[in-house]
file run15.txt (compact mmCIF, C-alpha atoms)
# COMPACT_ATOMS: atom_id res chain seq x y z
CA MET A 1 90.86 125.82 108.83
CA THR A 2 93.35 123.17 107.71
CA LYS A 3 92.06 119.89 106.31
CA LEU A 4 93.78 116.60 105.65
CA LEU A 5 92.40 113.52 103.95
CA ALA A 6 93.50 110.26 105.58
CA ILE A 7 93.31 107.00 103.63
CA GLY A 8 93.64 103.56 105.18
CA ASP A 9 94.43 100.25 103.53
CA VAL A 10 93.89 100.57 99.77
CA HIS A 11 95.53 97.36 98.50
CA LEU A 12 95.89 98.49 94.90
CA GLY A 13 96.32 95.50 92.64
CA THR A 14 93.45 93.49 94.09
CA ARG A 15 89.84 92.92 93.13
CA PRO A 16 87.07 92.59 95.72
CA SER A 17 86.19 88.93 96.20
CA GLY A 18 82.60 87.74 96.15
CA VAL A 19 81.36 89.91 93.28
CA ALA A 20 79.12 87.81 91.05
CA GLU A 21 80.71 86.43 87.91
CA ASP A 22 77.71 87.55 85.87
CA ALA A 23 77.88 91.14 87.19
CA ALA A 24 78.54 92.49 83.69
CA ASP A 25 75.32 90.84 82.50
CA ARG A 26 73.46 92.96 85.05
CA GLY A 27 75.05 96.16 83.79
CA ILE A 28 77.63 96.33 86.57
CA ALA A 29 81.14 97.47 85.57
CA VAL A 30 83.31 95.44 87.95
CA GLN A 31 86.38 97.59 87.25
CA ARG A 32 84.50 100.51 88.83
CA LEU A 33 84.25 98.67 92.15
CA THR A 34 87.96 98.11 92.78
CA PRO A 35 90.30 99.82 95.26
CA ALA A 36 91.58 101.85 92.30
CA ALA A 37 88.06 103.23 91.79
CA GLY A 38 87.87 103.96 95.52
CA LEU A 39 91.13 105.90 95.26
CA GLU A 40 89.71 107.97 92.39
CA ALA A 41 86.71 108.86 94.57
CA ALA A 42 89.03 109.84 97.43
CA VAL A 43 91.04 112.12 95.13
CA ARG A 44 87.85 113.84 93.96
CA LEU A 45 86.85 114.36 97.59
CA ALA A 46 90.27 115.83 98.42
CA THR A 47 89.88 118.35 95.61
CA GLU A 48 86.31 119.25 96.57
CA GLN A 49 87.30 119.74 100.22
CA ASP A 50 90.42 121.76 99.37
CA VAL A 51 92.62 119.68 101.67
CA SER A 52 96.22 120.60 102.36
CA ALA A 53 97.51 117.02 102.35
CA VAL A 54 96.51 113.43 101.65
CA VAL A 55 98.04 110.88 104.03
CA PHE A 56 98.18 107.14 103.36
CA ALA A 57 98.45 104.80 106.37
CA GLY A 58 100.23 101.90 104.64
CA ASP A 59 99.30 98.87 102.53
CA VAL A 60 98.65 101.18 99.61
CA VAL A 61 99.73 98.31 97.36
CA GLU A 62 98.72 94.68 97.82
CA SER A 63 102.14 93.14 97.17
CA THR A 64 105.42 93.47 95.34
CA ASN A 65 104.03 91.49 92.41
CA ALA A 66 101.03 93.83 92.17
CA ARG A 67 103.11 97.00 91.92
CA TYR A 68 102.97 97.26 88.13
CA GLU A 69 99.19 97.20 88.08
CA ALA A 70 99.12 99.57 91.05
CA PHE A 71 101.61 102.02 89.55
CA ARG A 72 99.38 103.68 86.96
CA HIS A 73 96.54 104.18 89.43
CA LEU A 74 98.77 105.56 92.17
CA GLU A 75 100.70 107.81 89.80
CA ALA A 76 97.48 109.23 88.32
CA ALA A 77 96.13 109.95 91.80
CA VAL A 78 99.32 111.61 93.04
CA LEU A 79 99.71 113.77 89.92
CA LYS A 80 96.12 115.03 90.22
CA LEU A 81 96.67 115.93 93.86
CA LEU A 82 99.99 117.64 93.22
CA ALA A 83 98.41 119.67 90.43
CA GLU A 84 95.95 121.00 93.02
CA GLY A 85 98.76 121.93 95.41
CA VAL A 86 98.04 119.01 97.74
CA THR A 87 100.94 117.43 99.65
CA VAL A 88 100.98 113.61 99.34
CA LEU A 89 102.48 111.58 102.19
CA GLY A 90 102.39 107.94 103.19
CA VAL A 91 103.86 105.34 105.50
CA VAL A 92 104.86 101.83 104.45
CA GLY A 93 102.86 98.84 105.68
CA ASN A 94 103.69 95.16 105.93
CA HIS A 95 102.09 94.35 102.56
CA ASP A 96 103.88 97.04 100.54
CA VAL A 97 107.23 97.10 102.36
CA GLU A 98 108.99 96.53 99.03
CA ALA A 99 106.45 97.86 96.55
CA LEU A 100 105.66 101.31 97.96
CA PRO A 101 109.27 102.57 98.26
CA ARG A 102 109.90 101.42 94.68
CA LEU A 103 106.82 103.24 93.39
CA ALA A 104 107.59 106.35 95.42
CA ARG A 105 110.95 106.61 93.66
CA LEU A 106 109.09 106.61 90.33
CA ILE A 107 106.50 109.22 91.38
CA PRO A 108 108.12 112.57 92.19
CA GLY A 109 106.19 114.37 94.90
CA PHE A 110 105.02 111.27 96.75
CA ARG A 111 106.92 111.27 100.02
CA ILE A 112 107.28 108.32 102.37
CA VAL A 113 107.38 109.33 106.02
CA GLY A 114 109.62 107.40 108.41
CA ALA A 115 111.37 105.33 105.74
CA GLY A 116 113.52 102.50 107.03
CA GLY A 117 111.75 102.31 110.40
CA ARG A 118 112.98 105.71 111.66
CA TRP A 119 110.57 108.23 113.14
CA GLU A 120 110.24 111.33 110.99
CA CYS A 121 108.35 114.61 111.14
CA VAL A 122 107.21 116.28 107.89
CA ALA A 123 105.72 119.77 107.79
CA VAL A 124 102.71 120.37 105.58
CA GLU A 125 102.82 123.86 104.12
CA ARG A 126 100.13 126.07 102.65
CA GLU A 127 100.92 129.44 101.13
CA GLY A 128 104.43 129.35 102.49
CA ARG A 129 103.63 128.51 106.11
CA SER A 130 103.43 125.29 108.11
CA VAL A 131 99.81 124.36 108.79
CA CYS A 132 100.48 121.01 110.48
CA GLU A 133 103.12 118.33 110.99
CA VAL A 134 102.80 114.64 110.19
CA VAL A 135 104.86 112.31 112.34
CA GLY A 136 105.22 108.80 110.98
CA TRP A 137 107.04 105.48 110.97
CA SER A 138 107.27 102.93 108.15
CA PHE A 139 107.85 99.18 108.12
CA PRO A 140 111.54 98.46 107.35
CA GLN A 141 110.83 94.77 106.67
CA ARG A 142 107.80 92.53 106.36
CA GLN A 143 107.65 91.63 110.04
CA VAL A 144 108.36 93.79 113.08
CA THR A 145 107.85 92.00 116.39
CA SER A 146 108.64 94.89 118.76
CA SER A 147 106.78 98.15 119.32
CA PRO A 148 108.06 101.03 117.15
CA VAL A 149 106.66 103.47 119.68
CA ALA A 150 109.17 102.23 122.26
CA ASP A 151 111.81 104.18 120.30
CA PHE A 152 109.69 107.32 119.96
CA ALA A 153 111.02 109.20 122.99
CA GLY A 154 114.62 108.57 121.99
CA SER A 155 114.17 109.56 118.36
CA SER A 156 115.66 112.72 116.91
CA LEU A 157 112.34 114.37 116.17
CA PRO A 158 112.42 118.18 116.36
CA PRO A 159 110.32 119.90 119.01
CA ALA A 160 106.78 120.77 117.99
CA GLN A 161 106.27 124.21 116.48
CA PRO A 162 104.06 126.49 118.61
CA GLY A 163 100.56 126.65 117.21
CA VAL A 164 101.20 123.96 114.61
CA PRO A 165 99.22 120.74 115.29
CA ARG A 166 100.88 117.33 114.99
CA ILE A 167 99.23 114.22 113.59
CA GLY A 168 100.67 110.73 113.99
CA VAL A 169 100.41 108.06 111.30
CA MET A 170 101.62 104.49 111.26
CA HIS A 171 100.75 100.94 110.23
CA CYS A 172 100.58 98.73 113.31
CA ASP A 173 98.76 96.16 115.42
CA LEU A 174 97.04 98.18 118.14
CA ASP A 175 96.68 96.65 121.61
CA ALA A 176 97.78 93.25 120.32
CA SER A 177 99.65 90.87 122.59
CA GLY A 178 102.81 90.52 120.55
CA GLY A 179 102.72 89.46 116.94
CA PRO A 180 104.78 90.24 113.83
CA TYR A 181 103.05 93.45 112.70
CA ALA A 182 104.43 96.24 114.89
CA PRO A 183 102.42 95.69 118.09
CA VAL A 184 101.74 98.92 119.99
CA THR A 185 99.51 99.84 122.93
CA MET A 186 97.14 102.72 123.37
CA GLY A 187 99.11 103.72 126.44
CA GLU A 188 102.28 104.03 124.37
CA LEU A 189 100.53 106.29 121.88
CA ALA A 190 99.18 108.45 124.70
CA ARG A 191 102.70 108.98 126.05
CA THR A 192 103.97 110.38 122.73
CA GLY A 193 102.21 113.67 123.37
CA ILE A 194 100.42 113.44 120.02
CA ASP A 195 96.67 113.33 120.55
CA THR A 196 95.58 112.12 117.07
CA TRP A 197 96.89 108.89 115.53
CA LEU A 198 95.79 107.66 112.10
CA LEU A 199 96.41 103.93 111.88
CA GLY A 200 96.47 101.35 109.13
CA HIS A 201 96.46 97.53 109.15
CA ILE A 202 93.04 96.46 110.47
CA HIS A 203 90.32 96.89 107.85
CA LYS A 204 87.47 97.64 110.24
CA PRO A 205 87.29 101.40 110.89
CA SER A 206 87.67 102.35 114.55
CA LEU A 207 89.06 105.90 114.52
CA GLY A 208 85.73 107.34 115.63
CA ASP A 209 85.42 105.00 118.64
CA THR A 210 85.64 106.61 122.08
CA ARG A 211 87.87 105.16 124.78
CA SER A 212 87.38 105.80 128.48
CA ASP A 213 90.97 104.84 129.34
CA ASN A 214 92.47 107.72 127.30
CA PRO A 215 89.69 110.29 126.79
CA GLY A 216 92.00 112.94 125.29
CA LEU A 217 93.46 110.59 122.69
CA ARG A 218 92.04 110.06 119.22
CA ALA A 219 93.62 106.90 117.86
CA GLY A 220 92.20 104.13 115.72
CA TYR A 221 92.08 102.45 112.38
CA LEU A 222 91.06 104.24 109.20
CA GLY A 223 89.85 100.92 107.78
CA SER A 224 89.92 99.74 104.20
CA LEU A 225 89.10 102.20 101.44
CA VAL A 226 86.77 99.68 99.76
CA GLY A 227 85.42 96.48 101.29
CA LEU A 228 87.67 93.78 99.86
CA ASN A 229 85.42 90.85 100.74
CA PRO A 230 81.92 90.18 102.10
CA LYS A 231 83.16 90.37 105.70
CA GLU A 232 84.18 94.02 105.31
CA VAL A 233 80.69 95.36 105.84
CA GLY A 234 79.44 98.86 106.44
CA ASP A 235 80.93 102.30 105.87
CA ARG A 236 84.20 102.37 103.93
CA GLY A 237 86.11 105.36 102.64
CA PRO A 238 88.61 108.05 103.65
CA TRP A 239 88.57 110.31 106.70
CA LEU A 240 88.51 114.10 106.72
CA VAL A 241 90.71 115.54 109.46
CA ASP A 242 89.83 119.17 110.28
CA LEU A 243 92.40 121.13 112.27
CA ALA A 244 91.05 124.44 113.54
CA GLU A 245 92.23 126.55 116.49
CA GLY A 246 93.79 123.64 118.32
CA GLU A 247 90.77 121.37 117.88
CA THR A 248 90.75 118.22 115.72
CA SER A 249 87.56 116.82 114.24
CA LEU A 250 87.32 113.55 112.33
CA THR A 251 84.69 112.67 109.73
CA HIS A 252 84.42 109.29 108.03
CA VAL A 253 83.23 109.76 104.44
CA SER A 254 81.45 106.65 103.19
CA ASN A 255 82.03 106.98 99.44
CA ALA A 256 83.26 103.50 98.50
CA PRO A 257 81.82 102.43 95.12
CA LEU A 258 81.16 98.94 96.49
CA ARG A 259 79.46 98.40 99.84
CA TRP A 260 78.95 95.09 101.63
CA GLU A 261 76.12 94.58 104.09
CA THR A 262 74.28 91.76 105.82
CA ILE A 263 70.52 91.59 106.35
CA ASP A 264 68.65 89.43 108.82
CA LEU A 265 65.27 88.59 107.32
CA ALA A 266 62.75 87.02 109.70
CA ILE A 267 60.32 84.68 107.97
CA GLU A 268 56.92 83.46 109.08
CA PRO A 269 56.45 79.83 110.25
CA ASP A 270 54.20 78.96 107.30
CA GLN A 271 56.01 81.03 104.66
CA GLN A 272 56.76 78.97 101.57
CA PRO A 273 59.94 79.07 99.45
CA GLU A 274 58.12 80.55 96.45
CA ASP A 275 57.37 83.64 98.55
CA LEU A 276 60.91 84.19 99.83
CA GLY A 277 62.17 85.97 96.72
CA ASP A 278 59.57 88.71 97.14
CA SER A 279 60.47 89.13 100.81
CA VAL A 280 64.16 89.40 99.99
CA LEU A 281 63.49 91.94 97.24
CA ALA A 282 61.41 94.12 99.56
CA SER A 283 64.13 93.97 102.22
CA VAL A 284 66.78 94.94 99.66
CA ASP A 285 64.73 97.91 98.50
CA GLN A 286 64.28 99.06 102.10
CA ARG A 287 68.03 98.85 102.77
CA ILE A 288 68.94 100.91 99.69
CA ARG A 289 66.50 103.66 100.62
CA ALA A 290 67.79 103.77 104.20
CA LEU A 291 71.33 104.30 102.90
CA HIS A 292 70.22 107.04 100.52
CA ALA A 293 68.49 108.79 103.41
CA ARG A 294 71.92 108.96 105.09
CA GLY A 295 73.51 110.36 101.96
CA VAL A 296 75.35 107.11 101.22
CA GLU A 297 74.99 106.08 97.56
CA PRO A 298 77.36 103.27 96.52
CA SER A 299 77.34 102.16 92.91
CA VAL A 300 76.80 98.58 94.06
CA LEU A 301 75.36 97.29 97.32
CA ALA A 302 76.33 93.64 97.72
CA LEU A 303 74.18 91.87 100.28
CA ARG A 304 74.33 88.70 102.28
CA VAL A 305 70.91 87.74 103.57
CA ARG A 306 70.42 85.58 106.62
CA LEU A 307 67.00 83.95 106.96
CA THR A 308 65.91 83.82 110.60
CA GLY A 309 62.82 82.86 112.57
CA THR A 310 61.05 79.51 112.79
CA THR A 311 59.62 77.51 109.91
CA ARG A 312 57.63 74.36 109.38
CA SER A 313 59.18 73.98 105.91
CA TYR A 314 62.85 73.85 106.82
CA ALA A 315 63.85 71.26 104.20
CA ALA A 316 62.03 73.09 101.40
CA ILE A 317 63.58 76.42 102.37
CA ASP A 318 67.00 74.77 102.62
CA ALA A 319 66.56 73.42 99.10
CA TRP A 320 65.55 76.89 97.85
CA VAL A 321 68.65 78.42 99.41
CA GLY A 322 71.00 75.65 98.27
CA GLY A 323 69.60 75.70 94.75
CA ARG A 324 70.51 79.40 94.44
CA ARG A 325 67.02 80.26 93.27
CA TRP A 326 67.68 83.74 94.63
CA SER A 327 70.77 84.45 92.50
CA ASP A 328 68.93 86.64 89.96
CA ILE A 329 67.54 89.04 92.55
CA THR A 330 68.72 92.55 91.60
CA ARG A 331 67.27 95.94 92.51
CA THR A 332 68.28 99.39 91.27
CA VAL A 333 67.21 102.53 93.11
CA GLY A 334 68.69 105.80 91.94
CA ALA A 335 72.43 105.40 91.45
CA THR A 336 72.65 102.16 93.47
CA THR A 337 72.26 98.63 92.18
CA ALA A 338 71.87 95.96 94.85
CA VAL A 339 72.81 92.34 94.23
CA VAL A 340 72.43 89.36 96.53
CA ASN A 341 75.81 87.73 97.09
CA LYS A 342 74.61 84.92 99.33
CA ILE A 343 71.63 83.70 101.33
CA THR A 344 72.02 81.43 104.32
CA ASN A 345 69.35 79.52 106.15
CA ALA A 346 69.61 80.30 109.87
CA THR A 347 66.00 79.47 110.66
CA GLU A 348 64.92 77.06 113.36
CA LEU A 349 62.65 74.10 112.76
CA ALA A 350 59.25 74.92 114.22
CA ARG A 351 58.93 71.64 116.06
CA ASP A 352 58.98 70.59 119.70
CA LEU A 353 62.27 68.68 119.80
CA HIS A 354 61.65 67.50 123.35
CA GLU A 355 58.35 65.91 122.33
CA LEU A 356 59.84 64.36 119.19
CA ALA A 357 62.80 63.01 121.19
CA LYS A 358 60.44 60.77 123.16
CA GLY A 359 59.98 58.56 120.11
CA ASP A 360 62.19 55.67 119.01
CA ASP A 361 61.65 56.27 115.30
CA PRO A 362 64.26 58.07 113.09
CA PRO A 363 62.82 61.56 113.81
CA GLY A 364 63.03 60.85 117.53
CA LEU A 365 66.64 59.68 117.35
CA LEU A 366 67.62 62.75 115.29
CA ALA A 367 65.74 65.10 117.63
CA ARG A 368 67.82 63.78 120.52
CA LYS A 369 71.02 64.56 118.62
CA LEU A 370 69.82 68.10 117.94
CA LEU A 371 69.01 68.59 121.61
CA ILE A 372 72.57 67.56 122.48
CA LEU A 373 73.81 70.41 120.27
CA GLU A 374 71.62 72.90 122.15
CA THR A 375 73.42 72.48 125.50
CA GLU A 376 77.08 72.74 126.41
CA GLY A 377 78.45 69.60 127.97
CA ALA A 378 80.39 66.39 127.51
CA GLU A 379 77.95 64.89 125.01
CA ARG A 380 78.10 67.92 122.72
CA ASP A 381 81.88 68.11 123.00
CA ALA A 382 82.18 64.44 122.05
CA LEU A 383 79.91 64.93 119.04
CA ILE A 384 81.97 67.91 117.86
CA VAL A 385 85.23 65.98 118.28
CA ARG A 386 83.91 63.01 116.27
CA THR A 387 82.75 65.33 113.50
CA ARG A 388 86.04 67.21 113.43
CA ASP A 389 88.01 63.96 113.20
CA ARG A 390 85.95 62.85 110.21
CA LEU A 391 86.33 66.21 108.45
CA ARG A 392 90.03 66.74 109.23
CA THR A 393 91.35 64.83 106.23
CA LEU A 394 89.04 66.75 103.90
CA ALA A 395 89.88 70.15 105.41
CA ASP A 396 93.63 69.46 105.23
CA ALA A 397 93.53 68.40 101.58
CA SER A 398 96.02 70.29 99.41
CA ASN A 399 93.33 71.73 97.13
CA PHE A 400 91.87 73.66 100.09
CA ALA A 401 95.26 74.97 101.30
CA PRO A 402 95.00 78.33 99.44
CA LEU A 403 91.89 79.17 101.48
CA GLN A 404 94.05 79.44 104.60
CA ASP A 405 95.87 82.41 103.08
CA LEU A 406 92.71 84.40 102.41
CA ARG A 407 92.30 87.65 104.27
CA ASP A 408 90.19 87.09 107.42
CA ALA A 409 90.05 83.33 106.77
CA ALA A 410 87.94 81.49 109.35
CA ASP A 411 88.67 78.04 110.74
CA PRO A 412 85.99 75.73 109.28
CA LEU A 413 86.66 73.19 112.03
CA ALA A 414 86.13 75.58 114.93
CA ASP A 415 83.57 74.41 117.51
CA GLU A 416 81.00 77.04 116.54
CA GLU A 417 81.32 76.27 112.83
CA ILE A 418 80.89 72.53 113.35
CA THR A 419 77.92 73.12 115.67
CA ARG A 420 76.27 75.41 113.14
CA ALA A 421 76.79 72.91 110.31
CA LEU A 422 75.46 69.99 112.35
CA LYS A 423 72.37 71.94 113.39
CA ALA A 424 71.66 72.98 109.81
CA ALA A 425 72.11 69.49 108.40
CA GLY A 426 70.13 67.88 111.22
CA SER A 427 67.24 70.34 110.92
CA SER A 428 67.01 69.80 107.17
CA ILE A 429 67.00 66.01 107.51
CA LEU A 430 64.51 66.10 110.39
CA SER A 431 62.17 68.31 108.39
CA ALA A 432 62.30 65.88 105.45
CA LEU A 433 61.73 62.88 107.74
CA LEU A 434 58.71 64.51 109.36
CA ASP A 435 57.25 65.29 105.94
CA GLN A 436 57.52 61.56 105.16
CA HIS A 437 56.22 60.29 108.52
CA GLU A 438 53.37 62.71 109.20
CA PRO A 439 50.85 61.26 106.68
CA THR A 440 51.35 57.85 108.28
CA ARG A 441 51.05 59.29 111.77
CA ARG A 442 47.87 61.13 110.86
CA GLY A 443 46.45 57.92 109.37
CA GLU A 444 47.30 55.94 112.48
CA GLY A 445 45.67 58.57 114.63
CA ALA A 446 42.44 58.43 112.58
CA GLU A 447 42.16 54.66 112.95
CA ARG A 448 42.31 54.97 116.70
call {"tool": "encode", "arguments": {"input": "run15.txt", "output": "structure tokens"}}
result
Amino acid sequence: MTKLLAIGDVHLGTRPSGVAEDAADRGIAVQRLTPAAGLEAAVRLATEQDVSAVVFAGDVVESTNARYEAFRHLEAAVLKLLAEGVTVLGVVGNHDVEALPRLARLIPGFRIVGAGGRWECVAVEREGRSVCEVVGWSFPQRQVTSSPVADFAGSSLPPAQPGVPRIGVMHCDLDASGGPYAPVTMGELARTGIDTWLLGHIHKPSLGDTRSDNPGLRAGYLGSLVGLNPKEVGDRGPWLVDLAEGETSLTHVSNAPLRWETIDLAIEPDQQPEDLGDSVLASVDQRIRALHARGVEPSVLALRVRLTGTTRSYAAIDAWVGGRRWSDITRTVGATTAVVNKITNATELARDLHELAKGDDPPGLLARKLLILETEGAERDALIVRTRDRLRTLADASNFAPLQDLRDAADPLADEEITRALKAAGSSILSALLDQHEPTRRGEGAER
């Protein structure tokens, strides 16, 4: 059996965002959570599994400026692999179009496949014989607006060797409608005659997904080696590619030192803020043990908790969340320490808005606004537009401009974001208003 280890976007030279500033105070070594630490874990796995080759699918390095920091980590990894007789190959992505070729020239034995945007086939040998071939293409410049696979049929690739499997690897934008990052289609990949494609670029793993339109084709993203921000949730790590008797099997190994996850925690209507910390802690403990049962043991599990359900104490819970009274919640089980990165209040106010909206007092007026947000229509659209106009100047301020360059940056003025913010603010204010008005209402009712 021949094995390869495939590694997606590493982005050496970066640090995962969202890790608590006081992590060291909790005994967490932040430097052991980086992409460099993930690469070390991948190298150990390659040695344990006795792989014939390690293949990188681009964006090994974050940027040209990060290459000096990346160099020592990449060189150490390559030298360890070469010492074990492992072939090390990689394609160039859009992020490291300048950095990776420079580093490859400084690291003998690290071979770039398809340099300069030309298709290339490299044989992987074991004990003097070819055990597989890696066909790849690398970014020649930062942006490529046409499909590289369109040139595949006309390339000067040699014919496949009988009995020697071929694996394709490239950095691209799969099934995208145009764009500057080598857009390709699944149909184009199917027509190459190669039935396994290891892709880089998108950080969400999809190589294991099945597709009904091309059932004989295995093609998808390897994903990021380590979750680089709180949105990169779930399993992260390299892929083992087993080639045996004409069959290819793919296994995603979730060995990232840092794992991001989200938890939805349903609260009871009468649950008070002082009890929420215990509920969160119990939920965290349950999540760690579920991961361990699967054999997944990250050093750090960073969690974002979303409070759901209905509550009669919306304003108090909102204050508990906004005051970060949960920030010290930490739980260690076995080799995993869990920290809470963020808690958001997505609960609903346990009130009959329709009944409240019948009144002409402030709670009634606010309830009517909240009901507008519940239903699509001209009134809701107008409310969103007015809010966006008022926030536009703030959102476009120069001090917020760097946020637009963040990986996976979301538009804070999108309809759904504005709707969510208005609902949250309105529910919190309505809850506080009702707390003020209810003693008076109860008194008035008693007099009658």
call {"tool": "residues_around", "arguments": {"input": "run15.txt", "residues": "A:His252", "least_positions_apart": "6", "cutoff": "8 Å", "atoms": "all atoms listed in the file", "output": "PDB file with C-alpha atoms, in the frame of the given file"}}
result
ATOM      1  CA  GLY A 208      85.730 107.340 115.630  1.00  0.00           C
ATOM      2  CA  GLY A 237      86.110 105.360 102.640  1.00  0.00           C
ATOM      3  CA  PRO A 238      88.610 108.050 103.650  1.00  0.00           C
ATOM      4  CA  TRP A 239      88.570 110.310 106.700  1.00  0.00           C
ATOM      5  CA  LEU A 240      88.510 114.100 106.720  1.00  0.00           C
TER       6      LEU A 240
END
call {"tool": "closest_residue", "arguments": {"input": "run15.txt", "among": "A:Gly38, A:Gly109, A:Gly116, A:Gly216", "to": "A:Glu75", "atoms": "only C-alpha atoms"}}
result
A:Gly109
call {"tool": "atom_distance", "arguments": {"input": "run15.txt", "atom1": "atom CA of A:Arg351", "atom2": "atom CA of A:Gln271"}}
result
15.1 Å
call {"tool": "residues_around", "arguments": {"input": "run15.txt", "residues": "A:Leu430", "least_positions_apart": "3", "cutoff": "8 Å", "atoms": "all atoms listed in the file", "output": "PyMOL selection string"}}
result
chain A and resi 363+366-367+426-427+433-434
call {"tool": "residues_around", "arguments": {"input": "run15.txt", "residues": "A:Val135", "least_positions_apart": "3", "cutoff": "7 Å", "atoms": "only C-alpha atoms", "output": "PDB file with C-alpha atoms, in the frame of the given file"}}
result
ATOM      1  CA  GLU A 120     110.240 111.330 110.990  1.00  0.00           C
ATOM      2  CA  CYS A 121     108.350 114.610 111.140  1.00  0.00           C
ATOM      3  CA  VAL A 122     107.210 116.280 107.890  1.00  0.00           C
ATOM      4  CA  ARG A 166     100.880 117.330 114.990  1.00  0.00           C
ATOM      5  CA  ILE A 167      99.230 114.220 113.590  1.00  0.00           C
ATOM      6  CA  GLY A 168     100.670 110.730 113.990  1.00  0.00           C
ATOM      7  CA  VAL A 169     100.410 108.060 111.300  1.00  0.00           C
TER       8      VAL A 169
END
call {"tool": "atom_distance", "arguments": {"input": "run15.txt", "atom1": "atom CA of A:Asp173", "atom2": "atom CA of A:Thr262"}}
result
26.7 Å
call {"tool": "residues_around", "arguments": {"input": "run15.txt", "residues": "A:Leu365", "least_positions_apart": "4", "cutoff": "12 Å", "atoms": "all atoms listed in the file", "output": "list in words"}}
result
Leu353, His354, Glu355, Leu356, Ala357, Lys358, Gly359, Asp360, Asp361, Lys369, Leu370, Leu371, Ile372, Gly426, Ile429, Leu430 and Leu433 of chain A
call {"tool": "closest_residue", "arguments": {"input": "run15.txt", "among": "A:Leu174, A:Val55, A:Ala338, A:Ala37", "to": "A:Ala256", "atoms": "all atoms listed in the file"}}
result
A:Ala37
call {"tool": "atom_distance", "arguments": {"input": "run15.txt", "atom1": "atom CA of A:Leu189", "atom2": "atom CA of A:Ala219"}}
result
8.0 Å
call {"tool": "residues_around", "arguments": {"input": "run15.txt", "residues": "A:Val86", "least_positions_apart": "4", "cutoff": "9 Å", "atoms": "all atoms listed in the file", "output": "tab-separated table (two decimals) with C-alpha atoms, in the coordinates of the input"}}
result
chain	number	residue	atom	x	y	z
A	46	ALA	CA	90.27	115.83	98.42
A	47	THR	CA	89.88	118.35	95.61
A	50	ASP	CA	90.42	121.76	99.37
A	51	VAL	CA	92.62	119.68	101.67
A	52	SER	CA	96.22	120.60	102.36
A	53	ALA	CA	97.51	117.02	102.35
A	54	VAL	CA	96.51	113.43	101.65
A	78	VAL	CA	99.32	111.61	93.04
A	80	LYS	CA	96.12	115.03	90.22
A	81	LEU	CA	96.67	115.93	93.86
A	82	LEU	CA	99.99	117.64	93.22
A	126	ARG	CA	100.13	126.07	102.65
call {"tool": "closest_residue", "arguments": {"input": "run15.txt", "among": "A:Ile194, A:Thr251, A:Trp119, A:Leu276", "to": "A:Ser155", "atoms": "only C-alpha atoms"}}
result
A:Trp119
call {"tool": "closest_residue", "arguments": {"input": "run15.txt", "among": "A:Phe110, A:Gly234, A:Ala57, A:Arg72", "to": "A:Val253", "atoms": "all atoms listed in the file"}}
result
A:Gly234
